[in-house]
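Engineer: Structure provided below as structure tokens; questions to follow.
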Amino acid sequence: MRNLSLFPLLIALFGCGGGGSGGQPSLATPFVGDIVDNPLVYAEPGTDTVDLFVTIWPADNPESEEDADCAFITPNDGIGTTLDHVNQDVDPWDNCKPELNVRLEVAGLVDAGGVPNAEMRLRGKSTRFAEQKSYRIKINRKDADGLWRGQRVFNLNKHPYDLTRMRNKLSFDLLSTIPDITSLRTQFVRLHVDRRDGNGMVDFGLFTHVEKVDGYFLEAHGLDPAASVYKAEFFEFERYPDSLKLESDPTFDKDAFESILEIEEGSDHAPLLEMLDAVNDPTSDFDQVFATYFNEANYLTWLACNILFDNLDTNSQNFYLYRPSESKVFYFMPWDYDGAWDFYTQPNEAQAESLGRWQRGISNWWGAPLHARFLRQPGNIDKLIAKMQEIQNDHVTQPKIAALLADYANTVRTRVALTPDLDNLPVIDDSTPTSTLAEYDTEVGRIPNRAEAKFQEFLDSLERPMPVYMSATIDDADMEFRWDSSYDLQGDALTYDFQLSTTTAFEAGDIVAESLGLVNTVTFRYALASLPAGTYYYRVIIRDNKAPGTNWQISFDSYYDELADKTHFGMKQLVIE
């Protein structure tokens with residue numbers, strides 16, 4: 001059982017924010033006003049490196065029945081589950097989850113007495129394909145005396161695609177000083193692994209441990225230990241009726257539920273479904289819906305930080321929803337910022353043209369009904385701008401960012417200059433250590449002024465129409481192309497340019513059909529008989545009449561060319577047989 005005694009103590013010490021609750025809440029009636037983090041939890045991590053020592057004894061890891069789901073493990077071959085097996089677990093969604101019993105040693109953790117005291121497995125999604133892996137190490141003990149700094153899980157992130165290896169820690173250290181949102185404890189870690197193969201402890205290089213959001217997190221941060229907590233997996237605030245159900249429903253499927261929202265804490269999903277029903281009801285009074293189910297200060301802070309930090313991958317994942325017990329209010333909590341701070345303009349990423357036009361600015365979040373409805377409400381854009389200005393002026397200044405990066409460099413720059421990290425930094429020119437580190441230093445030097453640049457990019461994006469989705473169907477003897485009605489935040493008149501092409505280049509000689517400057521229509525029909533068998537591509541360009549040459553937008557859709565390994569944004573493929 002968790003020790004919950006810290007929660008009322010923190011309430012007494014810090015109160016629960018400026019929500020005007022009129023008194024100190026008790027554990028029996030959790031606070032539902034503004035969310036307030038416990039600042040004391042961030043005193044310890046700092047920028048020093050913690051050394052983790054992991055020993056893998058083969059005798060502790062015979063193949064288990066769970067390993068039968070792993071095609072790359074041969075049951076009963078006498079070898080046992082190995083770290084090599086763990087490293088082959090590249091699919092985070094299948095039933096194959098090889099795990100090792102290990103002996104973990106780290107300062108501040110009770111000595112296990114020579115027996116396995118933790119479990120080690122791979123973590124992450126796309127990072128599983130990287131040469132350097134990220135790991136989750138879970139301590140077996142659940143009692144307070146058996147934890148490490150009040151935490152049971154080490155989330156060891158290698159951040160293989162982040163050239164700086166600093167983006168996550170920078171983000172969470174900044175968030176820890178910003179009101180109306182929580183942060184996560186982060187710690188630089190050096191991992192040493194002994195596979196009992198005669199090589200002793202092998203240095204696996206630098207990792208960043210990021211605190212797990214669970215019951216221990218709620219206790220340490222002074223939040224409601226009886227709360228419900230969900231982690232967004234692919235969640236755009238749609239209703240998802242086939243997946244999101246009450247656990248009392250005979251058709252409830254936890255795997256289906258957690259493909260949308262991972263259940264971290266709690267089992268009462270009725271408030272979640274009630275909130276989603278209201279958000280997705282176009283006839284509802286949205287101001288009332290928002291006031292009932294969300295906290296404005298928290299929501300604006302979360303969205304403003306994602307825009308300033310340029311954390312684009314938060315439109316359907318990489319955030320948590322926290323709902324205190326006996327409350328309908330959902331709070332946003334942050335997660336995973338290694339793709340922030342202009343990540344997609346790193347030299348190797350910029351070459352790949354990794355982003356579509358709609359992902360620049362506020363339109364990146366437009367696909368979620370909650371965000372689209374909030375941004376449509378009069379005055380809410382002004383509130384968001386004011387919140388961004390407040391955060392930038394008071395908490396995310398260029399000197400503060402530069403000072404944090406300089407502080408991290410004492411640890412990170414020293415470590416990435418050594419094997420194994422030096423050999424795996426995502427640079428263009430890795431011919432010599434000097435060229436590799438030159439790219440590294442240049443990238444770190446870009447970050448301090450990124451928040452200012454992203455603020456301006458956000459302001460520019462307000463002038464552009466919002467993106468849409470497209471479709472194509474056969475209607476009688478015609479191909480009918482459709483798209484959603486776009487929206488302009490300033491209320492400017494819009495037109496649509498439709499084009500059908502034989503290539504993704506949409507050059508003049510490739511255009512099969514087009515209609516430019518369409519007004520008050522979201523369809524285009526074309527005789528099917530006029531389309532010989534073949535492959536075509538179609539797109540819609542949305543233009544603001546006030547400045548059609550600059551204030552234009554593409555659709556959410558994209559086409560991925562496997563042969564060229566290239567994503568073409570704002571278009572779809574059509575095959576006529």
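Ordering of the structure tokens sets the chain letters (A, B, ...); residue numbers start at 1 within each chain; ligands are numbered from 1 in the order shown.
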List the spatial neighbours of range 109-117 of chain A as a VMD selection string - criterion: any atom at most 6 Å away, only C-alpha atoms, same-chain residues fewer than 3 positions off excluded.
Structural biologist: chain A and resid 101 to 103 106 140 148
Engineer: Take the residues from that selection and put them in a file with C-alpha atoms, as a PDB file, in the first residue's frame.
Structural biologist:
ATOM      1  CA  ASN A 101      14.957  -9.859 -13.871  1.00  0.00           C
ATOM      2  CA  VAL A 102      17.962  -7.736 -12.905  1.00  0.00           C
ATOM      3  CA  ARG A 103      19.955  -6.640  -9.902  1.00  0.00           C
ATOM      4  CA  VAL A 106      22.047   2.990  -7.344  1.00  0.00           C
ATOM      5  CA  ASN A 140      10.067  -4.889  -7.359  1.00  0.00           C
ATOM      6  CA  TRP A 148      14.240   5.498  -5.082  1.00  0.00           C
TER       7      TRP A 148
END
Engineer: Enumerate the residues of range 200-343 of chain A with a DSSP assignment of alpha helix (DSSP H), computed from the backbone, and present them as a tab-separated table (two decimals) with N, CA and C atoms, in the first residue's frame.
Structural biologist:
chain	number	residue	atom	x	y	z
A	215	GLY	N	0.58	6.59	-9.17
A	215	GLY	CA	0.16	6.94	-7.83
A	215	GLY	C	1.25	7.55	-7.00
A	216	TYR	N	2.48	7.09	-7.19
A	216	TYR	CA	3.61	7.67	-6.46
A	216	TYR	C	3.83	9.12	-6.89
A	217	PHE	N	3.64	9.39	-8.18
A	217	PHE	CA	3.74	10.76	-8.69
A	217	PHE	C	2.68	11.65	-8.03
A	218	LEU	N	1.43	11.17	-7.97
A	218	LEU	CA	0.36	11.96	-7.37
A	218	LEU	C	0.68	12.31	-5.92
A	219	GLU	N	1.19	11.33	-5.19
A	219	GLU	CA	1.53	11.56	-3.79
A	219	GLU	C	2.65	12.58	-3.66
A	220	ALA	N	3.71	12.42	-4.43
A	220	ALA	CA	4.88	13.30	-4.30
A	220	ALA	C	4.56	14.73	-4.71
A	254	LYS	N	-10.14	-3.75	-22.54
A	254	LYS	CA	-9.10	-2.86	-22.02
A	254	LYS	C	-8.07	-2.53	-23.08
A	255	ASP	N	-7.70	-3.50	-23.90
A	255	ASP	CA	-6.71	-3.22	-24.95
A	255	ASP	C	-7.24	-2.18	-25.93
A	256	ALA	N	-8.52	-2.29	-26.29
A	256	ALA	CA	-9.12	-1.32	-27.20
A	256	ALA	C	-9.17	0.06	-26.55
A	257	PHE	N	-9.54	0.11	-25.28
A	257	PHE	CA	-9.59	1.36	-24.55
A	257	PHE	C	-8.20	2.00	-24.53
A	258	GLU	N	-7.20	1.19	-24.19
A	258	GLU	CA	-5.86	1.74	-24.02
A	258	GLU	C	-5.15	2.00	-25.33
A	270	ALA	N	-16.89	7.01	-16.24
A	270	ALA	CA	-18.13	7.72	-16.55
A	270	ALA	C	-17.89	9.22	-16.76
A	271	PRO	N	-17.11	9.91	-15.91
A	271	PRO	CA	-16.87	11.33	-16.16
A	271	PRO	C	-16.16	11.59	-17.49
A	272	LEU	N	-15.25	10.71	-17.88
A	272	LEU	CA	-14.55	10.87	-19.15
A	272	LEU	C	-15.53	10.79	-20.32
A	273	LEU	N	-16.39	9.77	-20.31
A	273	LEU	CA	-17.34	9.60	-21.40
A	273	LEU	C	-18.35	10.74	-21.42
A	274	GLU	N	-18.74	11.20	-20.25
A	274	GLU	CA	-19.66	12.34	-20.17
A	274	GLU	C	-19.02	13.59	-20.78
A	275	MET	N	-17.75	13.82	-20.46
A	275	MET	CA	-17.04	14.97	-21.02
A	275	MET	C	-16.95	14.87	-22.54
A	276	LEU	N	-16.61	13.69	-23.05
A	276	LEU	CA	-16.46	13.53	-24.50
A	276	LEU	C	-17.79	13.67	-25.22
A	277	ASP	N	-18.87	13.18	-24.61
A	277	ASP	CA	-20.20	13.37	-25.20
A	277	ASP	C	-20.50	14.86	-25.35
A	278	ALA	N	-20.18	15.62	-24.31
A	278	ALA	CA	-20.48	17.06	-24.34
A	278	ALA	C	-19.60	17.80	-25.34
A	279	VAL	N	-18.30	17.48	-25.38
A	279	VAL	CA	-17.39	18.14	-26.30
A	279	VAL	C	-17.77	17.87	-27.75
A	286	PHE	N	-20.72	25.60	-25.74
A	286	PHE	CA	-19.34	25.20	-25.49
A	286	PHE	C	-18.74	25.92	-24.29
A	287	ASP	N	-19.05	27.17	-24.08
A	287	ASP	CA	-18.51	27.87	-22.92
A	287	ASP	C	-18.90	27.15	-21.63
A	288	GLN	N	-20.13	26.68	-21.57
A	288	GLN	CA	-20.57	25.95	-20.39
A	288	GLN	C	-19.88	24.59	-20.30
A	289	VAL	N	-19.74	23.92	-21.44
A	289	VAL	CA	-19.04	22.63	-21.46
A	289	VAL	C	-17.62	22.78	-20.96
A	290	PHE	N	-16.93	23.78	-21.47
A	290	PHE	CA	-15.53	23.98	-21.09
A	290	PHE	C	-15.42	24.30	-19.60
A	291	ALA	N	-16.28	25.17	-19.10
A	291	ALA	CA	-16.23	25.55	-17.69
A	291	ALA	C	-16.55	24.37	-16.78
A	292	THR	N	-17.33	23.42	-17.27
A	292	THR	CA	-17.70	22.25	-16.47
A	292	THR	C	-16.58	21.23	-16.40
A	293	TYR	N	-15.88	21.02	-17.49
A	293	TYR	CA	-14.96	19.89	-17.58
A	293	TYR	C	-13.48	20.26	-17.63
A	296	GLU	N	-9.53	26.64	-17.13
A	296	GLU	CA	-9.03	27.51	-18.20
A	296	GLU	C	-7.55	27.84	-18.04
A	297	ALA	N	-7.12	28.15	-16.81
A	297	ALA	CA	-5.71	28.52	-16.60
A	297	ALA	C	-4.79	27.36	-16.95
A	298	ASN	N	-5.18	26.15	-16.57
A	298	ASN	CA	-4.38	24.96	-16.88
A	298	ASN	C	-4.36	24.69	-18.38
A	299	TYR	N	-5.52	24.77	-19.02
A	299	TYR	CA	-5.60	24.50	-20.46
A	299	TYR	C	-4.77	25.51	-21.25
A	300	LEU	N	-4.93	26.78	-20.95
A	300	LEU	CA	-4.17	27.80	-21.67
A	300	LEU	C	-2.67	27.64	-21.45
A	301	THR	N	-2.28	27.29	-20.23
A	301	THR	CA	-0.85	27.10	-19.93
A	301	THR	C	-0.29	25.92	-20.72
A	302	TRP	N	-1.02	24.81	-20.73
A	302	TRP	CA	-0.57	23.63	-21.47
A	302	TRP	C	-0.42	23.94	-22.95
A	303	LEU	N	-1.43	24.56	-23.55
A	303	LEU	CA	-1.37	24.85	-24.98
A	303	LEU	C	-0.30	25.90	-25.28
A	304	ALA	N	-0.21	26.93	-24.45
A	304	ALA	CA	0.80	27.98	-24.67
A	304	ALA	C	2.21	27.41	-24.59
A	305	CYS	N	2.46	26.54	-23.62
A	305	CYS	CA	3.80	25.94	-23.49
A	305	CYS	C	4.12	25.06	-24.68
A	306	ASN	N	3.14	24.31	-25.17
A	306	ASN	CA	3.40	23.46	-26.34
A	306	ASN	C	3.74	24.30	-27.57
A	307	ILE	N	3.10	25.45	-27.71
A	307	ILE	CA	3.40	26.31	-28.85
A	307	ILE	C	4.77	26.96	-28.69
A	308	LEU	N	5.06	27.52	-27.51
A	308	LEU	CA	6.34	28.17	-27.29
A	308	LEU	C	7.50	27.18	-27.33
A	309	PHE	N	7.29	25.99	-26.79
A	309	PHE	CA	8.34	24.96	-26.79
A	309	PHE	C	8.40	24.23	-28.13
Engineer: Could you jot down the CA of Glu262 in chain A to CA of Tyr331 in chain A separation for me, Å, one decimal place?
Structural biologist: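 These atoms are spaced 15.7 Å apart.
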Engineer: Could you pull the residues within 8 Å of Tyr537 in chain A, counting only C-alpha atoms, minus those fewer than 5 positions along the same chain, as a short mmCIF file (atom, residue, chain, number, x, y, z; two decimals) with C-alpha atoms, in the first residue's frame?
Structural biologist:
data_model
loop_
_atom_site.label_atom_id
_atom_site.label_comp_id
_atom_site.auth_asym_id
_atom_site.auth_seq_id
_atom_site.Cartn_x
_atom_site.Cartn_y
_atom_site.Cartn_z
CA LEU A 500 -6.12 16.50 -59.88
CA SER A 501 -2.69 15.45 -61.17
CA THR A 502 -0.85 12.45 -62.53
CA THR A 503 2.16 13.23 -60.31
CA THR A 504 2.84 14.54 -56.83
CA MET A 571 -2.61 15.46 -50.98
CA LYS A 572 -4.11 11.99 -51.39
CA GLN A 573 -3.51 9.21 -53.88
CA LEU A 574 -6.30 7.89 -56.11
#
Engineer: Which residues are near Asp565 in chain A? Cut-off 12 Å, only C-alpha atoms, ignore same chain within fewer than 5 positions. Put them as a ChimeraX atom specification.
Structural biologist: /A:352-354,559-560
Engineer: So that I have them on file, write out the residues from the current selection with C-alpha atoms, as a short mmCIF file (atom, residue, chain, number, x, y, z; two decimals), in the first residue's frame.
Structural biologist:
data_model
loop_
_atom_site.label_atom_id
_atom_site.label_comp_id
_atom_site.auth_asym_id
_atom_site.auth_seq_id
_atom_site.Cartn_x
_atom_site.Cartn_y
_atom_site.Cartn_z
CA ALA A 352 13.82 15.10 -44.81
CA GLU A 353 11.13 17.84 -44.96
CA SER A 354 9.38 16.24 -42.01
CA TYR A 559 0.62 10.49 -49.17
CA TYR A 560 3.69 8.45 -48.29
#
Engineer: Excluding Asn87 in chain A and its own-chain neighbours fewer than 2 positions away, which residues fall within 12 Å of it when counting only C-alpha atoms? Please give them as a PyMOL selection string.
Structural biologist: chain A and resi 70+72-73+81-85+89-92+96-100+120-124+127-136
Engineer: Could you tell me how far CA of Leu404 in chain A lies from CA of Gly46 in chain A, in Å and to one decimal?
Structural biologist: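 Taking CA of Leu404 in chain A and CA of Gly46 in chain A, their separation equals 10.6 Å.
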Engineer: From range 151-286 of chain A, collect each residue whose DSSP state is strand (DSSP E or B) and return the set as a PyMOL selection string.
Structural biologist: chain A and resi 151+153-157+186-194+202-210+228-232+261-265
Engineer: What's around range 333-336 of chain A at 7 Å? Count only C-alpha atoms, leave out sequence neighbours fewer than 5 positions away in its own chain, and write the answer as a VMD selection string.
Structural biologist: chain A and resid 168 181 to 183 318 to 321
Engineer: Taking C-alpha atoms for each residue, export the selection above as a short mmCIF file (atom, residue, chain, number, x, y, z; two decimals), in the first residue's frame.
Structural biologist:
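Output (result-v4.cif):
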data_model
loop_
_atom_site.label_atom_id
_atom_site.label_comp_id
_atom_site.auth_asym_id
_atom_site.auth_seq_id
_atom_site.Cartn_x
_atom_site.Cartn_y
_atom_site.Cartn_z
CA ASN A 168 13.34 16.85 -22.46
CA ILE A 181 0.58 22.99 -14.64
CA THR A 182 2.64 20.13 -13.23
CA SER A 183 6.06 19.03 -14.38
CA ASN A 318 2.25 12.94 -25.26
CA PHE A 319 -0.01 14.35 -22.57
CA TYR A 320 -1.94 13.12 -19.55
CA LEU A 321 -5.43 13.93 -18.31
#
Engineer: Please provide as a PyMOL selection string all residues within 10 Å of Trp366 in chain A, with the sequence filter that same-chain residues fewer than 3 positions apart are discarded (counting only C-alpha atoms).
Structural biologist: chain A and resi 236+315+358-359+361-363+369-375+466-468+556
Engineer: Keeping N, CA and C atoms for every residue in the selection just given, could you write it to a file as a short mmCIF file (atom, residue, chain, number, x, y, z; two decimals), in the first residue's frame?
Structural biologist:
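Here's the written file part_0.cif:
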data_model
loop_
_atom_site.label_atom_id
_atom_site.label_comp_id
_atom_site.auth_asym_id
_atom_site.auth_seq_id
_atom_site.Cartn_x
_atom_site.Cartn_y
_atom_site.Cartn_z
N GLU A 236 -7.74 12.37 -29.84
CA GLU A 236 -8.01 13.71 -30.36
C GLU A 236 -9.33 14.26 -29.83
N ASN A 315 -0.87 16.82 -30.35
CA ASN A 315 -2.24 16.95 -30.84
C ASN A 315 -3.04 15.67 -30.66
N TRP A 358 0.38 22.73 -42.32
CA TRP A 358 -0.61 22.84 -41.25
C TRP A 358 0.00 22.58 -39.87
N GLN A 359 1.17 21.95 -39.82
CA GLN A 359 1.80 21.67 -38.52
C GLN A 359 2.55 22.87 -37.97
N GLY A 361 2.25 26.33 -36.37
CA GLY A 361 1.31 27.26 -35.75
C GLY A 361 0.10 26.59 -35.16
N ILE A 362 -0.93 27.37 -34.91
CA ILE A 362 -2.10 26.90 -34.17
C ILE A 362 -2.85 25.80 -34.89
N SER A 363 -2.76 25.74 -36.23
CA SER A 363 -3.50 24.72 -36.98
C SER A 363 -3.05 23.30 -36.63
N PRO A 369 -11.62 18.20 -31.73
CA PRO A 369 -12.82 19.02 -31.51
C PRO A 369 -12.70 19.96 -30.31
N LEU A 370 -12.07 19.52 -29.24
CA LEU A 370 -11.94 20.39 -28.07
C LEU A 370 -11.20 21.66 -28.43
N HIS A 371 -10.05 21.52 -29.08
CA HIS A 371 -9.23 22.69 -29.39
C HIS A 371 -9.91 23.57 -30.45
N ALA A 372 -10.50 22.95 -31.47
CA ALA A 372 -11.14 23.73 -32.52
C ALA A 372 -12.31 24.54 -31.96
N ARG A 373 -13.10 23.91 -31.09
CA ARG A 373 -14.25 24.63 -30.53
C ARG A 373 -13.79 25.75 -29.58
N PHE A 374 -12.74 25.49 -28.81
CA PHE A 374 -12.23 26.52 -27.91
C PHE A 374 -11.71 27.72 -28.70
N LEU A 375 -10.95 27.47 -29.75
CA LEU A 375 -10.34 28.56 -30.50
C LEU A 375 -11.36 29.37 -31.30
N MET A 466 -7.82 27.34 -41.63
CA MET A 466 -7.58 26.07 -40.94
C MET A 466 -7.63 24.90 -41.93
N PRO A 467 -6.85 23.84 -41.68
CA PRO A 467 -6.80 22.68 -42.59
C PRO A 467 -8.10 21.87 -42.54
N VAL A 468 -8.26 21.01 -43.55
CA VAL A 468 -9.47 20.20 -43.69
C VAL A 468 -9.06 18.76 -44.04
N PHE A 556 -5.16 18.23 -44.06
CA PHE A 556 -4.47 17.36 -43.12
C PHE A 556 -3.88 16.13 -43.80
#
Engineer: With distances taken over only C-alpha atoms, which residue among A:Gln389, A:Thr550, A:Gln88, A:Thr397 lies nearest Asp460 in chain A?
Structural biologist: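 Of A:Gln389, A:Thr550, A:Gln88, A:Thr397, the one nearest Asp460 in chain A, counting only C-alpha atoms, is A:Thr550.
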Engineer: Point out the residue among A:Glu264, A:Asp94, A:Asp173, A:Glu390 with the least atom-to-atom distance to Tyr408 in chain A, counting only C-alpha atoms.
Structural biologist: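 Nearest candidate to Tyr408 in chain A out of A:Glu264, A:Asp94, A:Asp173, A:Glu390: A:Asp173.
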Engineer: Under the rule that only C-alpha atoms are counted, which of A:Thr283, A:Thr49, A:Ser228, A:Gln553 is the nearest residue to Tyr487 in chain A?
Structural biologist: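 For Tyr487 in chain A, the nearest of the given residues is A:Gln553.
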